[in-house]
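J.: Let me begin by handing over the structure; questions about it come next.
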Amino acid sequence: LSLHDALPISPTHQENFRHYIQEKYREKNLGVIVAVGSSALELTLRARPELSPTAPLVFSVVDDATTAKLKLPSDVTGTTIGQASLHDMVAIAQLLMPKLERVALVGESMGKTSIYRHFKDELPLLSPLGYIDLTGSPLEEVKKRVATLPENTAILYTAIFTDGAGNVLNPTAALSVIAEVANRPIVIAQEAQLGHGAVGGRIFSAKLIADDAARLTARILTGESAANIPIVLRKYATPM
């Protein structure tokens with residue numbers, strides 16, 4: 001069974017989903033549960049006693065700060081990643097534009113998406129740069145603003161699943177739409193967004209993350225105890 005962070009969802013939606021998977025897999029003999037993302041890990045830990053209390057748990061795409069605060073049972077293992085960093089995105093923007101004066105932040109409302117939820121805590125690090133906060137705005141408003149940004153500005157794009165007008169969007173498709181009208185370079189952090197109008201960034205490789213999760217899962221399914229597999233920190237982000 002694989003659970004992953006697909007969309008930023010409310011506690012009510014998470015609870016409904018927990019009941020759904022419990023009913024769906026009630027009669028299944030699960031060999032391993034794979035949780036992809038911090039929210040998925042937290043949800044799985046709550047649901048596992050009713051879902052399959054003896055199934056080992058493998059996690060990936062979970063930042064080390066999340067695992068540090070959770071009391072993980074001995075049969076839980078996986079790889080942690082360093083947090084996606086607003087500081088890293090700004091550093092890439094400064095390499096592109098040595099005279100960078102400000103950044104425009106485009107994406108979901110800060111704190112809404114688990115992988116970027118700590119960005120709001122990094123905002124003080126933007127000083128002495130200025131920033132234009134377009135997170136959580138309707139896509140049409142974003143398009144108007146990014147088309148007329150002042151010089152020496154870079155756009156930092158995370159992901160838009162639902163814009164400020166309530167429209168459900170594909171984050172990569174939304175990036176393409178924004179890039180068509182943007183008058184300044186766009187920095188990103190996800191591999192799937194490469195080739196859709198952004199310049200690049202410090203990119204998390206989905207393939208490397210998936211390969212590690214698959215190897216851990218295979219080891220457990222072939223008889224190795226999850227308790228004997230240590231949790232390790234992997235640095236998946238590479239400038240691209």
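Following the order of the structure tokens, first chain is A, next is B, and so on, with residues numbered from 1 inside each chain and ligands from 1 in the order they appear.
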Residues near A:Asp133, anyone? I mean within 10 Å using only C-alpha atoms, not counting same-chain ones fewer than 3 positions away, as a PDB file with N, CA and C atoms, in the first residue's frame.
T.:
ATOM      1  N   VAL A 103      12.472  39.367  -4.757  1.00  0.00           N
ATOM      2  CA  VAL A 103      11.910  38.144  -5.330  1.00  0.00           C
ATOM      3  C   VAL A 103      10.394  38.216  -5.240  1.00  0.00           C
ATOM      4  N   ALA A 104       9.746  37.559  -6.197  1.00  0.00           N
ATOM      5  CA  ALA A 104       8.288  37.415  -6.184  1.00  0.00           C
ATOM      6  C   ALA A 104       7.977  35.970  -5.841  1.00  0.00           C
ATOM      7  N   LEU A 105       7.233  35.748  -4.785  1.00  0.00           N
ATOM      8  CA  LEU A 105       6.887  34.406  -4.321  1.00  0.00           C
ATOM      9  C   LEU A 105       5.557  33.987  -4.925  1.00  0.00           C
ATOM     10  N   VAL A 106       5.569  32.869  -5.665  1.00  0.00           N
ATOM     11  CA  VAL A 106       4.369  32.386  -6.356  1.00  0.00           C
ATOM     12  C   VAL A 106       4.133  30.935  -5.965  1.00  0.00           C
ATOM     13  N   GLY A 107       2.911  30.627  -5.532  1.00  0.00           N
ATOM     14  CA  GLY A 107       2.577  29.253  -5.156  1.00  0.00           C
ATOM     15  C   GLY A 107       1.366  29.219  -4.253  1.00  0.00           C
ATOM     16  N   SER A 109      -0.709  29.208  -0.699  1.00  0.00           N
ATOM     17  CA  SER A 109      -0.545  30.009   0.513  1.00  0.00           C
ATOM     18  C   SER A 109       0.504  29.358   1.401  1.00  0.00           C
ATOM     19  N   MET A 110       1.360  30.161   1.993  1.00  0.00           N
ATOM     20  CA  MET A 110       2.455  29.628   2.797  1.00  0.00           C
ATOM     21  C   MET A 110       1.911  28.796   3.959  1.00  0.00           C
ATOM     22  N   GLY A 130      13.918  42.710  -0.931  1.00  0.00           N
ATOM     23  CA  GLY A 130      12.485  42.863  -0.784  1.00  0.00           C
ATOM     24  C   GLY A 130      11.792  41.662  -1.391  1.00  0.00           C
ATOM     25  N   GLY A 136      -1.028  32.179  -2.864  1.00  0.00           N
ATOM     26  CA  GLY A 136      -2.453  32.129  -2.558  1.00  0.00           C
ATOM     27  C   GLY A 136      -3.315  33.027  -3.407  1.00  0.00           C
ATOM     28  N   SER A 137      -2.732  33.688  -4.406  1.00  0.00           N
ATOM     29  CA  SER A 137      -3.499  34.597  -5.262  1.00  0.00           C
ATOM     30  C   SER A 137      -4.175  33.832  -6.395  1.00  0.00           C
TER      31      SER A 137
END
J.: Kindly assemble as a tab-separated table a list of the stretch 48-129 of chain A residues that lie within 10 Å of stretch 207-220 of chain A, each paired with its nearest atom pair and their distance in Å to one decimal, using only C-alpha atoms, sorted first by chain and then by ascending residue number.
T.:
residue	atom	partner	partner_atom	distance
A:Pro56	CA	A:Ile220	CA	7.9
A:Leu57	CA	A:Thr217	CA	8.7
A:Val58	CA	A:Thr217	CA	6.7
A:Phe59	CA	A:Ala213	CA	7.2
A:Ser60	CA	A:Ala213	CA	6.3
A:Val61	CA	A:Ile209	CA	7.1
A:Thr77	CA	A:Leu216	CA	8.3
A:Gly78	CA	A:Ala213	CA	7.1
A:Thr79	CA	A:Asp212	CA	7.7
A:Thr80	CA	A:Ile209	CA	9.7
A:Ile81	CA	A:Ile209	CA	9.1
J.: Give the helix (DSSP H, G or I) residues of stretch 6-224 of chain A, as DSSP finds them on the backbone, and put them as an MDAnalysis selection string.
T.: chainID A and resid 11:24 38:51 64:69 86:96 114:116 119:126 139:146 171:181 191:193 206:221
J.: How many Å lie between atom CA of A:Val62 and atom CA of A:Asp75, rounded to one decimal?
T.: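 Distance reported for this atom pair: 16.5 Å.
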J.: Name the residues in contact with A:Tyr131 at a cut-off of 10 Å, using only C-alpha atoms, excluding same-chain residues fewer than 3 positions from it; report them as a ChimeraX atom specification.
T.: /A:101-105,123,126-128,134,153-155
J.: What's around A:Ala147 at 6 Å? Count only C-alpha atoms, leave out sequence neighbours fewer than 2 positions away in its own chain, and write the answer as a list of chain:residue names.
T.: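 Returned residues: A:Lys144, A:Arg145, A:Val181, A:Ala182, A:Asn183.
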J.: Selection from above, N, CA and C atoms, as a short mmCIF file (atom, residue, chain, number, x, y, z; two decimals), in the first residue's frame, can you write it?
T.:
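Final output, part-v5.cif:
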data_model
loop_
_atom_site.label_atom_id
_atom_site.label_comp_id
_atom_site.auth_asym_id
_atom_site.auth_seq_id
_atom_site.Cartn_x
_atom_site.Cartn_y
_atom_site.Cartn_z
N LYS A 144 -1.08 38.69 -14.24
CA LYS A 144 -0.97 40.14 -14.43
C LYS A 144 0.26 40.69 -13.71
N ARG A 145 0.49 40.21 -12.50
CA ARG A 145 1.59 40.76 -11.70
C ARG A 145 2.95 40.34 -12.24
N VAL A 181 3.88 34.48 -19.67
CA VAL A 181 3.70 35.93 -19.56
C VAL A 181 4.74 36.59 -18.66
N ALA A 182 5.49 35.79 -17.89
CA ALA A 182 6.43 36.36 -16.93
C ALA A 182 7.54 37.14 -17.63
N ASN A 183 7.89 38.28 -17.06
CA ASN A 183 8.96 39.09 -17.64
C ASN A 183 10.27 38.96 -16.89
#
J.: Excluding A:Gly164 and its own-chain neighbours fewer than 2 positions away, which residues fall within 9 Å of it when counting only C-alpha atoms? Please give them as a ChimeraX atom specification.
T.: /A:108-109,135-139,162,166-167
J.: Kindly save the residues from that selection, with all heavy atoms included, as a compact mmCIF listing (two decimals), in the first residue's frame.
T.:
# COMPACT_ATOMS: atom_id res chain seq x y z
N GLU A 108 1.15 28.07 -3.59
CA GLU A 108 0.09 27.95 -2.60
C GLU A 108 0.33 28.92 -1.45
O GLU A 108 1.45 29.38 -1.24
CB GLU A 108 0.06 26.52 -2.04
CG GLU A 108 -0.41 25.47 -3.01
CD GLU A 108 -1.91 25.42 -3.16
OE1 GLU A 108 -2.63 25.85 -2.23
OE2 GLU A 108 -2.38 24.95 -4.21
N SER A 109 -0.71 29.21 -0.70
CA SER A 109 -0.55 30.01 0.51
C SER A 109 0.50 29.36 1.40
O SER A 109 0.55 28.14 1.55
CB SER A 109 -1.87 30.11 1.27
OG SER A 109 -2.85 30.75 0.49
N THR A 135 1.67 34.44 -3.17
CA THR A 135 1.19 33.11 -2.80
C THR A 135 -0.29 33.17 -2.42
O THR A 135 -0.74 34.12 -1.77
CB THR A 135 1.99 32.54 -1.62
OG1 THR A 135 1.90 33.43 -0.50
CG2 THR A 135 3.45 32.37 -2.00
N GLY A 136 -1.03 32.18 -2.86
CA GLY A 136 -2.45 32.13 -2.56
C GLY A 136 -3.31 33.03 -3.41
O GLY A 136 -4.53 33.12 -3.18
N SER A 137 -2.73 33.69 -4.41
CA SER A 137 -3.50 34.60 -5.26
C SER A 137 -4.17 33.83 -6.40
O SER A 137 -3.70 32.77 -6.81
CB SER A 137 -2.58 35.67 -5.86
OG SER A 137 -1.96 36.44 -4.85
N PRO A 138 -5.28 34.36 -6.94
CA PRO A 138 -5.88 33.76 -8.14
C PRO A 138 -4.87 33.74 -9.28
O PRO A 138 -4.06 34.66 -9.42
CB PRO A 138 -7.06 34.68 -8.45
CG PRO A 138 -7.39 35.33 -7.15
CD PRO A 138 -6.07 35.51 -6.44
N LEU A 139 -4.93 32.72 -10.11
CA LEU A 139 -3.96 32.59 -11.21
C LEU A 139 -4.00 33.79 -12.13
O LEU A 139 -2.95 34.26 -12.60
CB LEU A 139 -4.24 31.30 -12.00
CG LEU A 139 -3.28 31.00 -13.15
CD1 LEU A 139 -1.84 30.90 -12.66
CD2 LEU A 139 -3.70 29.73 -13.87
N THR A 162 -4.41 24.70 -5.83
CA THR A 162 -5.68 25.42 -5.83
C THR A 162 -5.36 26.89 -5.67
O THR A 162 -4.71 27.29 -4.71
CB THR A 162 -6.58 24.96 -4.66
OG1 THR A 162 -6.74 23.55 -4.71
CG2 THR A 162 -7.95 25.62 -4.76
N GLY A 166 -10.14 29.47 -6.04
CA GLY A 166 -10.73 28.15 -5.84
C GLY A 166 -10.58 27.20 -7.01
O GLY A 166 -11.14 26.10 -7.00
N ASN A 167 -9.82 27.60 -8.04
CA ASN A 167 -9.61 26.74 -9.20
C ASN A 167 -8.58 25.66 -8.88
O ASN A 167 -7.50 25.95 -8.38
CB ASN A 167 -9.12 27.57 -10.40
CG ASN A 167 -10.11 28.63 -10.82
OD1 ASN A 167 -11.27 28.34 -11.05
ND2 ASN A 167 -9.65 29.88 -10.89
J.: What's the 12 Å shell around A:Pro53, counting only C-alpha atoms, without same-chain residues fewer than 3 positions away, as a count of residues only?
T.: 19
J.: For A:Ala189, find every residue with an atom within 8 Å (counting only C-alpha atoms), except residues of its own chain fewer than 4 positions away, and show them as a ChimeraX atom specification.
T.: /A:84,89,157-158,193,200-204
J.: As a ChimeraX atom specification, which residues of stretch 54-128 of chain A does DSSP assign to strand (DSSP E or B)?
T.: /A:57-63,76-81,102-106
J.: Can you write just those residues out, C-alpha atoms, as a tab-separated table (two decimals), in the first residue's frame?
T.:
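As a result, selection06.tsv now contains:
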chain	number	residue	atom	x	y	z
A	57	LEU	CA	6.33	1.16	7.27
A	58	VAL	CA	8.75	2.73	4.78
A	59	PHE	CA	8.74	6.50	4.27
A	60	SER	CA	10.34	8.91	1.81
A	61	VAL	CA	10.17	12.63	0.97
A	62	VAL	CA	9.98	13.38	4.69
A	63	ASP	CA	12.15	16.15	6.11
A	76	VAL	CA	9.44	2.18	10.68
A	77	THR	CA	12.34	3.08	8.40
A	78	GLY	CA	13.08	5.28	5.41
A	79	THR	CA	15.15	8.15	4.11
A	80	THR	CA	14.85	11.74	5.20
A	81	ILE	CA	15.56	14.71	3.00
A	102	ARG	CA	13.73	41.41	-4.76
A	103	VAL	CA	11.91	38.14	-5.33
A	104	ALA	CA	8.29	37.41	-6.18
A	105	LEU	CA	6.89	34.41	-4.32
A	106	VAL	CA	4.37	32.39	-6.36
J.: Give me, please, the distance in Å between atom CA of A:Asp121 and atom CA of A:Lys69, quoted to one decimal.
T.: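 Answer for the atom CA of A:Asp121 to atom CA of A:Lys69 separation: 17.4 Å.
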